[in-house]
Amino acid sequence: MKLSEIKKHLATAETVNFKLPTGEFVPEHFHVTEVGLITKHFVDCGNTERLERVANFQLWNADDAEHRLKPQKLLKIIAVSERILGDEDLEIEVEY
């Protein structure tokens, strides 16, 4: 999913949920501890130079089981990150 897509969803969403590859959901009391820009510059096995950039959302569960991240709060976090890291419409990578 790209940043533009998640922002579109968050604009009308009532809750924020992240689904793990196992099909389970991240517990509702997660925190977004970081939004970052990850750049991977490498040469693959065919000697082709590649440059990949993704937006990274780092999720973490705390002992605060009453915490709930609201969609508007996540939109604000993304907006601040775009001012600092740039507003390129990157794919999102979630770290949990």
# chains A, B, ... in the order shown; residues from 1 in each chain; ligands from 1

call {"tool": "residues_around", "arguments": {"residues": "stretch 7-22 of chain A", "least_positions_apart": "3", "cutoff": "8 Å", "atoms": "only C-alpha atoms", "output": "count of residues only"}}
result
11

call {"tool": "residues_around", "arguments": {"residues": "stretch 83-88 of chain A", "least_positions_apart": "6", "cutoff": "12 Å", "atoms": "only C-alpha atoms", "output": "list in words"}}
result
Lys2, Leu3, Ser4, Val35, Gly36, Leu37, Ile38, Thr39, Arg53, Val54, Ala55, Asn56, Lys76 and Ile77 of chain A

call {"tool": "write_last_selection", "arguments": {"atoms": "N, CA and C atoms", "output": "compact mmCIF listing (two decimals), in the first residue's frame"}}
result
# COMPACT_ATOMS: atom_id res chain seq x y z
N LYS A 2 0.49 2.24 -0.72
CA LYS A 2 1.24 3.49 -0.79
C LYS A 2 0.72 4.48 0.26
N LEU A 3 1.55 5.48 0.56
CA LEU A 3 1.15 6.50 1.52
C LEU A 3 -0.16 7.18 1.12
N SER A 4 -0.33 7.48 -0.17
CA SER A 4 -1.56 8.14 -0.62
C SER A 4 -2.78 7.28 -0.34
N VAL A 35 7.93 6.76 12.11
CA VAL A 35 7.66 6.74 10.68
C VAL A 35 8.97 7.17 10.05
N GLY A 36 9.53 6.32 9.22
CA GLY A 36 10.85 6.62 8.67
C GLY A 36 10.93 6.39 7.19
N LEU A 37 12.04 6.81 6.64
CA LEU A 37 12.36 6.60 5.24
C LEU A 37 13.53 5.62 5.19
N ILE A 38 13.31 4.50 4.52
CA ILE A 38 14.38 3.50 4.38
C ILE A 38 14.80 3.47 2.92
N THR A 39 16.09 3.64 2.71
CA THR A 39 16.66 3.60 1.37
C THR A 39 17.62 2.42 1.29
N ARG A 53 13.21 2.72 -2.08
CA ARG A 53 12.86 3.61 -0.98
C ARG A 53 11.46 3.25 -0.50
N VAL A 54 11.29 3.10 0.79
CA VAL A 54 9.98 2.80 1.37
C VAL A 54 9.76 3.66 2.60
N ALA A 55 8.50 3.90 2.91
CA ALA A 55 8.14 4.52 4.17
C ALA A 55 7.97 3.39 5.18
N ASN A 56 8.58 3.52 6.33
CA ASN A 56 8.53 2.48 7.34
C ASN A 56 7.69 2.94 8.52
N LYS A 76 -1.88 12.92 11.20
CA LYS A 76 -1.00 14.00 11.65
C LYS A 76 0.46 13.52 11.71
N ILE A 77 0.67 12.30 12.19
CA ILE A 77 2.02 11.73 12.25
C ILE A 77 2.60 11.63 10.84

call {"tool": "residues_around", "arguments": {"residues": "A:His41", "least_positions_apart": "4", "cutoff": "7 Å", "atoms": "only C-alpha atoms", "output": "list in words"}}
result
Arg50, Leu51 and Glu52 of chain A

call {"tool": "select_by_dssp", "arguments": {"residues": "chain A", "states": "strand (DSSP E or B)", "output": "VMD selection string"}}
result
chain A and resid 2 19 25 30 to 43 49 to 61 91 to 95

call {"tool": "write_last_selection", "arguments": {"atoms": "C-alpha atoms", "output": "PDB file, in the first residue's frame"}}
result
ATOM      1  CA  LYS A   2       1.240   3.490  -0.788  1.00  0.00           C
ATOM      2  CA  LYS A  19      -3.260  -7.146   9.898  1.00  0.00           C
ATOM      3  CA  PHE A  25      -4.446  -8.259  13.868  1.00  0.00           C
ATOM      4  CA  PHE A  30      -0.321  -0.503  19.574  1.00  0.00           C
ATOM      5  CA  HIS A  31       1.730   2.666  19.187  1.00  0.00           C
ATOM      6  CA  VAL A  32       3.365   4.010  16.037  1.00  0.00           C
ATOM      7  CA  THR A  33       6.824   4.647  17.479  1.00  0.00           C
ATOM      8  CA  GLU A  34       8.460   5.754  14.228  1.00  0.00           C
ATOM      9  CA  VAL A  35       7.661   6.735  10.679  1.00  0.00           C
ATOM     10  CA  GLY A  36      10.847   6.619   8.675  1.00  0.00           C
ATOM     11  CA  LEU A  37      12.362   6.603   5.240  1.00  0.00           C
ATOM     12  CA  ILE A  38      14.377   3.504   4.381  1.00  0.00           C
ATOM     13  CA  THR A  39      16.661   3.602   1.373  1.00  0.00           C
ATOM     14  CA  LYS A  40      18.279   0.433   0.045  1.00  0.00           C
ATOM     15  CA  HIS A  41      20.954   0.954  -2.611  1.00  0.00           C
ATOM     16  CA  PHE A  42      22.369  -2.346  -3.851  1.00  0.00           C
ATOM     17  CA  VAL A  43      23.621  -4.472  -6.716  1.00  0.00           C
ATOM     18  CA  GLU A  49      22.217  -1.515  -9.557  1.00  0.00           C
ATOM     19  CA  ARG A  50      18.960  -0.923  -7.694  1.00  0.00           C
ATOM     20  CA  LEU A  51      17.625   1.790  -5.435  1.00  0.00           C
ATOM     21  CA  GLU A  52      14.545   1.132  -3.299  1.00  0.00           C
ATOM     22  CA  ARG A  53      12.861   3.612  -0.976  1.00  0.00           C
ATOM     23  CA  VAL A  54       9.983   2.800   1.368  1.00  0.00           C
ATOM     24  CA  ALA A  55       8.136   4.520   4.175  1.00  0.00           C
ATOM     25  CA  ASN A  56       8.530   2.478   7.344  1.00  0.00           C
ATOM     26  CA  PHE A  57       5.894   2.394  10.078  1.00  0.00           C
ATOM     27  CA  GLN A  58       7.294   0.922  13.272  1.00  0.00           C
ATOM     28  CA  LEU A  59       4.545  -0.492  15.523  1.00  0.00           C
ATOM     29  CA  TRP A  60       4.996  -1.413  19.156  1.00  0.00           C
ATOM     30  CA  ASN A  61       2.762  -2.733  21.920  1.00  0.00           C
ATOM     31  CA  GLU A  91       5.151   2.034  -0.551  1.00  0.00           C
ATOM     32  CA  ILE A  92       4.673   1.377   3.168  1.00  0.00           C
ATOM     33  CA  GLU A  93       6.627  -1.258   5.026  1.00  0.00           C
ATOM     34  CA  VAL A  94       5.334  -2.138   8.483  1.00  0.00           C
ATOM     35  CA  GLU A  95       7.749  -3.258  11.179  1.00  0.00           C
TER      36      GLU A  95
END

call {"tool": "atom_distance", "arguments": {"atom1": "atom CA of A:Asp63", "atom2": "atom CA of A:Ile78"}}
result
24.0 Å

call {"tool": "atom_distance", "arguments": {"atom1": "atom CA of A:Lys73", "atom2": "atom CA of A:Glu5"}}
result
16.3 Å

call {"tool": "atom_distance", "arguments": {"atom1": "atom CA of A:Ala65", "atom2": "atom CA of A:Pro27"}}
result
8.8 Å

call {"tool": "decode", "arguments": {"residues": "stretch 80-95 of chain A", "atoms": "all heavy atoms", "output": "compact mmCIF listing (two decimals), in the first residue's frame"}}
result
# COMPACT_ATOMS: atom_id res chain seq x y z
N VAL A 80 3.56 15.16 9.49
CA VAL A 80 4.83 15.64 10.05
C VAL A 80 6.00 14.91 9.39
O VAL A 80 7.00 15.51 9.01
CB VAL A 80 4.87 15.48 11.58
CG1 VAL A 80 6.26 15.74 12.12
CG2 VAL A 80 3.86 16.41 12.23
N SER A 81 5.86 13.59 9.21
CA SER A 81 6.95 12.83 8.60
C SER A 81 7.19 13.28 7.17
O SER A 81 8.34 13.34 6.72
CB SER A 81 6.66 11.33 8.66
OG SER A 81 5.66 10.97 7.74
N GLU A 82 6.14 13.63 6.45
CA GLU A 82 6.30 14.08 5.06
C GLU A 82 7.03 15.42 5.00
O GLU A 82 7.81 15.66 4.08
CB GLU A 82 4.94 14.18 4.37
CG GLU A 82 4.35 12.83 4.04
CD GLU A 82 2.97 12.90 3.45
OE1 GLU A 82 2.19 13.82 3.82
OE2 GLU A 82 2.66 12.05 2.61
N ARG A 83 6.79 16.29 5.97
CA ARG A 83 7.49 17.58 5.99
C ARG A 83 8.99 17.37 6.23
O ARG A 83 9.82 18.09 5.71
CB ARG A 83 6.92 18.49 7.07
CG ARG A 83 5.58 19.09 6.70
CD ARG A 83 5.21 20.28 7.56
NE ARG A 83 5.25 20.05 8.98
CZ ARG A 83 4.22 19.64 9.73
NH1 ARG A 83 3.05 19.40 9.17
NH2 ARG A 83 4.35 19.48 11.03
N ILE A 84 9.33 16.36 7.01
CA ILE A 84 10.72 16.11 7.36
C ILE A 84 11.40 15.20 6.34
O ILE A 84 12.53 15.46 5.92
CB ILE A 84 10.80 15.50 8.78
CG1 ILE A 84 10.29 16.52 9.80
CG2 ILE A 84 12.22 15.03 9.10
CD1 ILE A 84 10.06 15.94 11.18
N LEU A 85 10.74 14.13 5.93
CA LEU A 85 11.35 13.12 5.07
C LEU A 85 11.05 13.30 3.59
O LEU A 85 11.62 12.61 2.76
CB LEU A 85 10.88 11.72 5.51
CG LEU A 85 11.14 11.36 6.96
CD1 LEU A 85 10.48 10.04 7.30
CD2 LEU A 85 12.64 11.31 7.25
N GLY A 86 10.12 14.18 3.27
CA GLY A 86 9.71 14.38 1.88
C GLY A 86 8.33 13.79 1.66
O GLY A 86 7.85 12.97 2.44
N ASP A 87 7.68 14.23 0.60
CA ASP A 87 6.29 13.80 0.38
C ASP A 87 6.15 12.85 -0.81
O ASP A 87 5.10 12.76 -1.42
CB ASP A 87 5.38 15.01 0.21
CG ASP A 87 5.74 15.87 -0.99
OD1 ASP A 87 6.75 15.59 -1.63
OD2 ASP A 87 4.99 16.82 -1.28
N GLU A 88 7.19 12.10 -1.09
CA GLU A 88 7.13 11.09 -2.14
C GLU A 88 6.09 10.04 -1.77
O GLU A 88 5.97 9.64 -0.62
CB GLU A 88 8.51 10.45 -2.29
CG GLU A 88 8.64 9.52 -3.45
CD GLU A 88 10.05 8.96 -3.59
OE1 GLU A 88 10.97 9.46 -2.93
OE2 GLU A 88 10.21 7.99 -4.34
N ASP A 89 5.31 9.60 -2.76
CA ASP A 89 4.25 8.61 -2.51
C ASP A 89 4.85 7.21 -2.50
O ASP A 89 4.80 6.47 -3.48
CB ASP A 89 3.17 8.73 -3.58
CG ASP A 89 1.93 7.93 -3.24
OD1 ASP A 89 1.73 7.60 -2.05
OD2 ASP A 89 1.14 7.65 -4.15
N LEU A 90 5.44 6.85 -1.37
CA LEU A 90 6.18 5.60 -1.23
C LEU A 90 5.30 4.44 -0.80
O LEU A 90 4.24 4.64 -0.19
CB LEU A 90 7.28 5.77 -0.18
CG LEU A 90 8.33 6.83 -0.49
CD1 LEU A 90 9.18 7.09 0.73
CD2 LEU A 90 9.18 6.41 -1.67
N GLU A 91 5.76 3.23 -1.11
CA GLU A 91 5.15 2.03 -0.55
C GLU A 91 5.43 2.03 0.96
O GLU A 91 6.46 2.53 1.40
CB GLU A 91 5.76 0.77 -1.16
CG GLU A 91 5.31 0.50 -2.59
CD GLU A 91 3.86 0.05 -2.68
OE1 GLU A 91 3.34 -0.59 -1.74
OE2 GLU A 91 3.26 0.34 -3.72
N ILE A 92 4.52 1.46 1.71
CA ILE A 92 4.67 1.38 3.17
C ILE A 92 5.14 0.00 3.55
O ILE A 92 4.61 -1.02 3.08
CB ILE A 92 3.34 1.68 3.87
CG1 ILE A 92 2.88 3.09 3.54
CG2 ILE A 92 3.48 1.49 5.38
CD1 ILE A 92 1.47 3.38 3.98
N GLU A 93 6.13 -0.03 4.43
CA GLU A 93 6.63 -1.26 5.03
C GLU A 93 6.32 -1.15 6.51
O GLU A 93 6.62 -0.13 7.13
CB GLU A 93 8.13 -1.34 4.78
CG GLU A 93 8.82 -2.48 5.46
CD GLU A 93 10.31 -2.42 5.19
OE1 GLU A 93 10.73 -2.94 4.13
OE2 GLU A 93 11.03 -1.86 6.03
N VAL A 94 5.69 -2.17 7.08
CA VAL A 94 5.33 -2.14 8.48
C VAL A 94 6.27 -3.05 9.26
O VAL A 94 6.45 -4.21 8.90
CB VAL A 94 3.87 -2.56 8.71
CG1 VAL A 94 3.53 -2.58 10.18
CG2 VAL A 94 2.93 -1.63 7.95
N GLU A 95 6.85 -2.50 10.30
CA GLU A 95 7.75 -3.26 11.18
C GLU A 95 7.03 -3.43 12.51
O GLU A 95 6.60 -2.47 13.13
CB GLU A 95 9.03 -2.44 11.37
CG GLU A 95 10.04 -3.09 12.26
CD GLU A 95 11.26 -2.20 12.42
OE1 GLU A 95 11.46 -1.26 11.62
OE2 GLU A 95 12.02 -2.46 13.36
